[in-house]
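Text of the file data.pdb, holding PDB, C-alpha atoms:
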```pdb
MODEL        1
ATOM      1  CA  MET P  11     120.939 123.810  93.848
ATOM      2  CA  ASP P  12     123.338 123.632  96.783
ATOM      3  CA  ALA P  13     125.182 120.478  97.792
ATOM      4  CA  PRO P  14     123.471 118.197 100.342
ATOM      5  CA  PRO P  15     124.156 118.970 104.007
ATOM      6  CA  PRO P  16     127.282 117.439 105.524
ATOM      7  CA  ALA P  17     126.898 114.121 107.360
ATOM      8  CA  SER P  18     127.084 115.936 110.712
ATOM      9  CA  GLU P  19     123.774 117.698 109.909
ATOM     10  CA  ARG P  20     121.865 114.681 108.601
ATOM     11  CA  TRP P  21     119.267 112.712 110.514
ATOM     12  CA  VAL P  22     120.024 109.040 111.159
ATOM     13  CA  GLU P  23     117.175 106.540 110.869
ATOM     14  CA  THR P  24     117.227 104.321 113.970
ATOM     15  CA  SER P  25     114.032 102.296 113.557
ATOM     16  CA  ARG P  26     111.219 101.612 111.117
ATOM     17  CA  GLU P  27     108.022  99.710 111.851
ATOM     18  CA  PRO P  28     105.162  99.256 109.379
ATOM     19  CA  VAL P  29     101.880 100.480 110.879
ATOM     20  CA  PHE P  30      99.686  99.238 108.013
ATOM     21  CA  ARG P  31      99.687  98.359 104.310
ATOM     22  CA  ALA P  32      96.704  98.364 101.924
ATOM     23  CA  PHE P  33      96.023  99.118  98.255
ATOM     24  CA  GLY P  34      99.675  99.794  97.412
ATOM     25  CA  ARG P  35     100.014 102.346 100.204
ATOM     26  CA  GLY P  36     101.055 102.271 103.813
ATOM     27  CA  LEU P  37     102.303 104.084 106.861
ATOM     28  CA  ASP P  38     105.580 103.494 108.721
ATOM     29  CA  GLN P  39     106.571 104.712 112.181
ATOM     30  CA  VAL P  40     110.175 105.882 111.787
ATOM     31  CA  GLY P  41     112.602 106.821 114.554
ATOM     32  CA  TYR P  42     115.449 109.260 113.946
ATOM     33  CA  LEU P  43     118.516 110.475 115.794
ATOM     34  CA  LEU P  44     118.771 114.209 115.103
ATOM     35  CA  PRO P  45     122.078 116.074 114.705
ATOM     36  CA  ASP P  46     121.718 117.619 118.186
ATOM     37  CA  GLY P  47     121.449 114.125 119.736
ATOM     38  CA  THR P  48     117.709 114.130 120.399
ATOM     39  CA  GLU P  49     115.432 111.375 119.148
ATOM     40  CA  ALA P  50     112.218 111.952 117.217
ATOM     41  CA  THR P  51     109.464 109.769 115.777
ATOM     42  CA  PHE P  52     107.608 110.488 112.536
ATOM     43  CA  TYR P  53     104.916 108.733 110.546
ATOM     44  CA  ILE P  54     105.959 108.358 106.915
ATOM     45  CA  SER P  55     103.601 107.530 104.072
ATOM     46  CA  VAL P  56     104.980 104.795 101.831
ATOM     47  CA  ALA P  57     103.691 103.872  98.388
ATOM     48  CA  ARG P  58     104.785 102.545  95.069
ATOM     49  CA  PRO P  59     105.903 105.268  92.660
ATOM     50  CA  THR P  60     103.223 106.821  90.459
ATOM     51  CA  VAL P  61     102.841 108.513  87.085
ATOM     52  CA  SER P  62     100.622 111.428  86.116
ATOM     53  CA  ILE P  63     100.094 112.551  82.529
ATOM     54  CA  VAL P  64      99.053 115.877  80.983
ATOM     55  CA  ALA P  65      97.747 114.477  77.693
ATOM     56  CA  LEU P  66      96.748 116.586  74.680
ATOM     57  CA  THR P  67      94.940 115.476  71.556
ATOM     58  CA  ARG P  68      96.092 116.688  68.146
ATOM     59  CA  GLU P  69      93.292 119.279  68.462
ATOM     60  CA  GLN P  70      94.872 120.587  71.709
ATOM     61  CA  ARG P  71      92.178 119.207  74.001
ATOM     62  CA  VAL P  72      93.233 117.925  77.421
ATOM     63  CA  ILE P  73      92.293 114.300  78.110
ATOM     64  CA  MET P  74      90.930 113.854  81.633
ATOM     65  CA  VAL P  75      89.038 111.188  83.539
ATOM     66  CA  GLU P  76      86.164 111.640  85.949
ATOM     67  CA  GLN P  77      86.747 109.540  89.047
ATOM     68  CA  TYR P  78      85.384 109.326  92.549
ATOM     69  CA  ARG P  79      88.299 110.132  94.869
ATOM     70  CA  PRO P  80      87.903 108.752  98.416
ATOM     71  CA  GLY P  81      90.246 111.326 100.022
ATOM     72  CA  PRO P  82      88.355 114.426  98.842
ATOM     73  CA  GLY P  83      85.098 112.440  98.970
ATOM     74  CA  ASP P  84      83.980 113.739  95.591
ATOM     75  CA  LEU P  85      83.800 113.025  91.872
ATOM     76  CA  LEU P  86      86.737 114.903  90.318
ATOM     77  CA  ARG P  87      88.144 115.459  86.853
ATOM     78  CA  GLU P  88      91.677 114.120  87.006
ATOM     79  CA  LEU P  89      94.782 113.666  84.912
ATOM     80  CA  PRO P  90      95.284 110.047  83.848
ATOM     81  CA  GLY P  91      97.812 108.187  85.967
ATOM     82  CA  GLY P  92      98.470 105.541  88.560
ATOM     83  CA  PHE P  93     100.998 103.214  90.135
ATOM     84  CA  ILE P  94     104.083 101.954  88.355
ATOM     85  CA  ASP P  95     103.894  98.156  88.286
ATOM     86  CA  GLU P  96     106.810  95.975  89.380
ATOM     87  CA  ASN P  97     109.447  95.600  86.626
ATOM     88  CA  GLU P  98     107.865  98.491  84.678
ATOM     89  CA  THR P  99     109.629 101.710  83.696
ATOM     90  CA  PRO P 100     107.942 105.044  84.422
ATOM     91  CA  SER P 101     107.519 105.666  80.667
ATOM     92  CA  THR P 102     105.899 102.279  80.106
ATOM     93  CA  ALA P 103     103.588 102.904  83.072
ATOM     94  CA  ALA P 104     102.569 106.306  81.666
ATOM     95  CA  GLU P 105     101.758 104.774  78.277
ATOM     96  CA  ARG P 106      99.819 101.924  79.924
ATOM     97  CA  GLU P 107      97.843 104.162  82.292
ATOM     98  CA  LEU P 108      96.939 106.587  79.491
ATOM     99  CA  LEU P 109      95.672 103.746  77.296
ATOM    100  CA  GLU P 110      93.887 101.844  80.096
ATOM    101  CA  GLU P 111      92.123 104.864  81.575
ATOM    102  CA  THR P 112      91.340 106.821  78.407
ATOM    103  CA  GLY P 113      91.868 104.639  75.328
ATOM    104  CA  TYR P 114      94.346 107.213  73.942
ATOM    105  CA  ARG P 115      97.947 106.833  72.777
ATOM    106  CA  GLY P 116     100.420 109.636  72.154
ATOM    107  CA  THR P 117     104.039 110.736  72.330
ATOM    108  CA  VAL P 118     104.914 110.403  76.016
ATOM    109  CA  GLU P 119     107.721 112.459  77.580
ATOM    110  CA  LEU P 120     108.982 112.581  81.170
ATOM    111  CA  HIS P 121     109.543 116.183  82.259
ATOM    112  CA  ALA P 122     109.749 116.106  86.075
ATOM    113  CA  THR P 123     109.779 113.968  89.206
ATOM    114  CA  CYS P 124     108.719 114.992  92.693
ATOM    115  CA  TYR P 125     107.946 113.594  96.127
ATOM    116  CA  LEU P 126     104.259 113.266  96.935
ATOM    117  CA  ASP P 127     104.799 115.380 100.071
ATOM    118  CA  ALA P 128     107.309 116.045 102.850
ATOM    119  CA  TYR P 129     106.151 113.044 104.891
ATOM    120  CA  SER P 130     106.198 110.530 102.049
ATOM    121  CA  SER P 131     108.939 108.435 100.505
ATOM    122  CA  ALA P 132     106.940 107.960  97.282
ATOM    123  CA  ARG P 133     107.948 109.580  93.998
ATOM    124  CA  LYS P 134     105.669 110.874  91.255
ATOM    125  CA  TYR P 135     106.852 110.895  87.645
ATOM    126  CA  CYS P 136     105.253 113.735  85.685
ATOM    127  CA  PHE P 137     104.681 113.197  81.964
ATOM    128  CA  THR P 138     103.208 114.958  78.990
ATOM    129  CA  ALA P 139     101.624 113.106  76.096
ATOM    130  CA  THR P 140     101.140 114.995  72.842
ATOM    131  CA  ASP P 141      99.456 114.207  69.514
ATOM    132  CA  CYS P 142      97.162 111.768  71.307
ATOM    133  CA  VAL P 143      94.690 109.762  69.237
ATOM    134  CA  LEU P 144      91.930 107.432  70.336
ATOM    135  CA  ALA P 145      93.291 103.893  69.904
ATOM    136  CA  SER P 146      90.715 101.791  71.758
ATOM    137  CA  ALA P 147      87.957 101.944  74.307
ATOM    138  CA  PRO P 148      89.149 102.568  77.868
ATOM    139  CA  SER P 149      89.789  99.369  79.803
ATOM    140  CA  ASP P 150      87.002  98.057  81.995
ATOM    141  CA  LEU P 151      89.698  96.935  84.441
ATOM    142  CA  ASP P 152      89.748 100.291  86.260
ATOM    143  CA  PRO P 153      86.530 100.652  88.287
ATOM    144  CA  GLU P 154      87.567 104.122  89.508
ATOM    145  CA  VAL P 155      87.183 105.773  86.084
ATOM    146  CA  THR P 156      83.632 106.940  85.469
ATOM    147  CA  ARG P 157      84.173 108.533  82.058
ATOM    148  CA  VAL P 158      86.737 110.191  79.815
ATOM    149  CA  VAL P 159      86.304 113.911  79.127
ATOM    150  CA  LEU P 160      88.106 116.287  76.769
ATOM    151  CA  VAL P 161      88.509 119.836  78.083
ATOM    152  CA  THR P 162      90.188 122.993  76.871
ATOM    153  CA  ILE P 163      93.589 124.072  78.134
ATOM    154  CA  ASP P 164      91.839 127.028  79.810
ATOM    155  CA  ASP P 165      89.519 124.568  81.608
ATOM    156  CA  LEU P 166      92.561 122.702  82.949
ATOM    157  CA  ARG P 167      94.210 125.957  84.068
ATOM    158  CA  ARG P 168      91.012 126.941  85.901
ATOM    159  CA  ALA P 169      90.690 123.532  87.608
ATOM    160  CA  LEU P 170      94.332 123.750  88.735
ATOM    161  CA  ARG P 171      93.870 127.268  90.156
ATOM    162  CA  GLU P 172      90.612 126.421  91.904
ATOM    163  CA  GLY P 173      91.891 123.199  93.500
ATOM    164  CA  ARG P 174      89.223 121.028  91.886
ATOM    165  CA  MET P 175      91.631 118.154  91.206
ATOM    166  CA  THR P 176      94.621 116.284  92.561
ATOM    167  CA  ASP P 177      98.045 116.178  90.844
ATOM    168  CA  VAL P 178      98.108 119.980  90.652
ATOM    169  CA  ASP P 179     101.913 119.849  90.644
ATOM    170  CA  SER P 180     101.964 117.560  87.620
ATOM    171  CA  GLY P 181      99.373 119.670  85.814
ATOM    172  CA  LEU P 182     101.251 122.928  86.303
ATOM    173  CA  LEU P 183     104.627 121.380  85.461
ATOM    174  CA  GLY P 184     103.150 119.760  82.351
ATOM    175  CA  LEU P 185     101.628 123.006  81.094
ATOM    176  CA  GLN P 186     104.911 124.805  81.803
ATOM    177  CA  HIS P 187     106.872 122.118  79.942
ATOM    178  CA  LEU P 188     104.547 122.510  76.946
ATOM    179  CA  GLY P 189     104.818 126.327  77.051
ATOM    180  CA  LEU P 190     101.106 126.636  77.874
ATOM    181  CA  LEU P 191     101.110 128.294  81.293
TER
ENDMDL
END
```

As a first step, turn the structure in this file into structure tokens.
Amino acid sequence: MDAPPPASERWVETSREPVFRAFGRGLDQVGYLLPDGTEATFYISVARPTVSIVALTREQRVIMVEQYRPGPGDLLRELPGGFIDENETPSTAAERELLEETGYRGTVELHATCYLDAYSSARKYCFTATDCVLASAPSDLDPEVTRVVLVTIDDLRRALREGRMTDVDSGLLGLQHLGLL
């Protein structure tokens, strides 16, 4: 990858005002001075960093959770994941989220990070978890999770292609990392 642009081509942040904050997410109005001297205002999504996990059992089944997702307005099969808590590492968060949402434990490995989108400052940490075994019942602390489902790798590929889930980036990167694309 090329070096970052020189300072003369970078935008300079001149102001930042929170518009709202709720449920670990928010929106900021941010002013910038552009390299040509003009000023511009953008609305930037802010959130705590998140983890998303492509988790496989020893039998090569993908562990997913059915959850109602308010954005799409539908019940979706999703990869386990969630916010990284304060003073928690991404790896610890991935292990915690996998156990809380599904009851499974496995060998967790970070394989990629990405921004949520071009108008967000939040980072997503993409993990795989292999050799997963059921260790306990899923936690009742997460009211979003309806049930845990085990699907085939082909089922996950199909859901990713058809846009029937969020975290498509994490799913594709996880399958690629595991040599399963």

What's the 12 Å shell around Glu154 of chain P, counting only C-alpha atoms, without same-chain residues fewer than 4 positions away, as a PyMOL selection string? chain P and resi 75-80+84-88+90-92+110-111+148-150+158

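Here atom CA of Leu144 of chain P stands at a distance of 26.8 Å from atom CA of Thr123 of chain P.
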
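From atom CA of Ile94 of chain P back to atom CA of Arg58 of chain P, the distance works out to 6.8 Å.
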
If you count all atoms listed in the file, the residue of P:Met74, P:Val64, P:Val56, P:Ala17 closest to Gly36 of chain P turns out to be P:Val56

Mind telling me what the PyMOL selection byres ((chain P and resi 101) around 9) catches here, as an MDAnalysis selection string? chainID P and resid 61 98:100 102:106 118:120 135 137
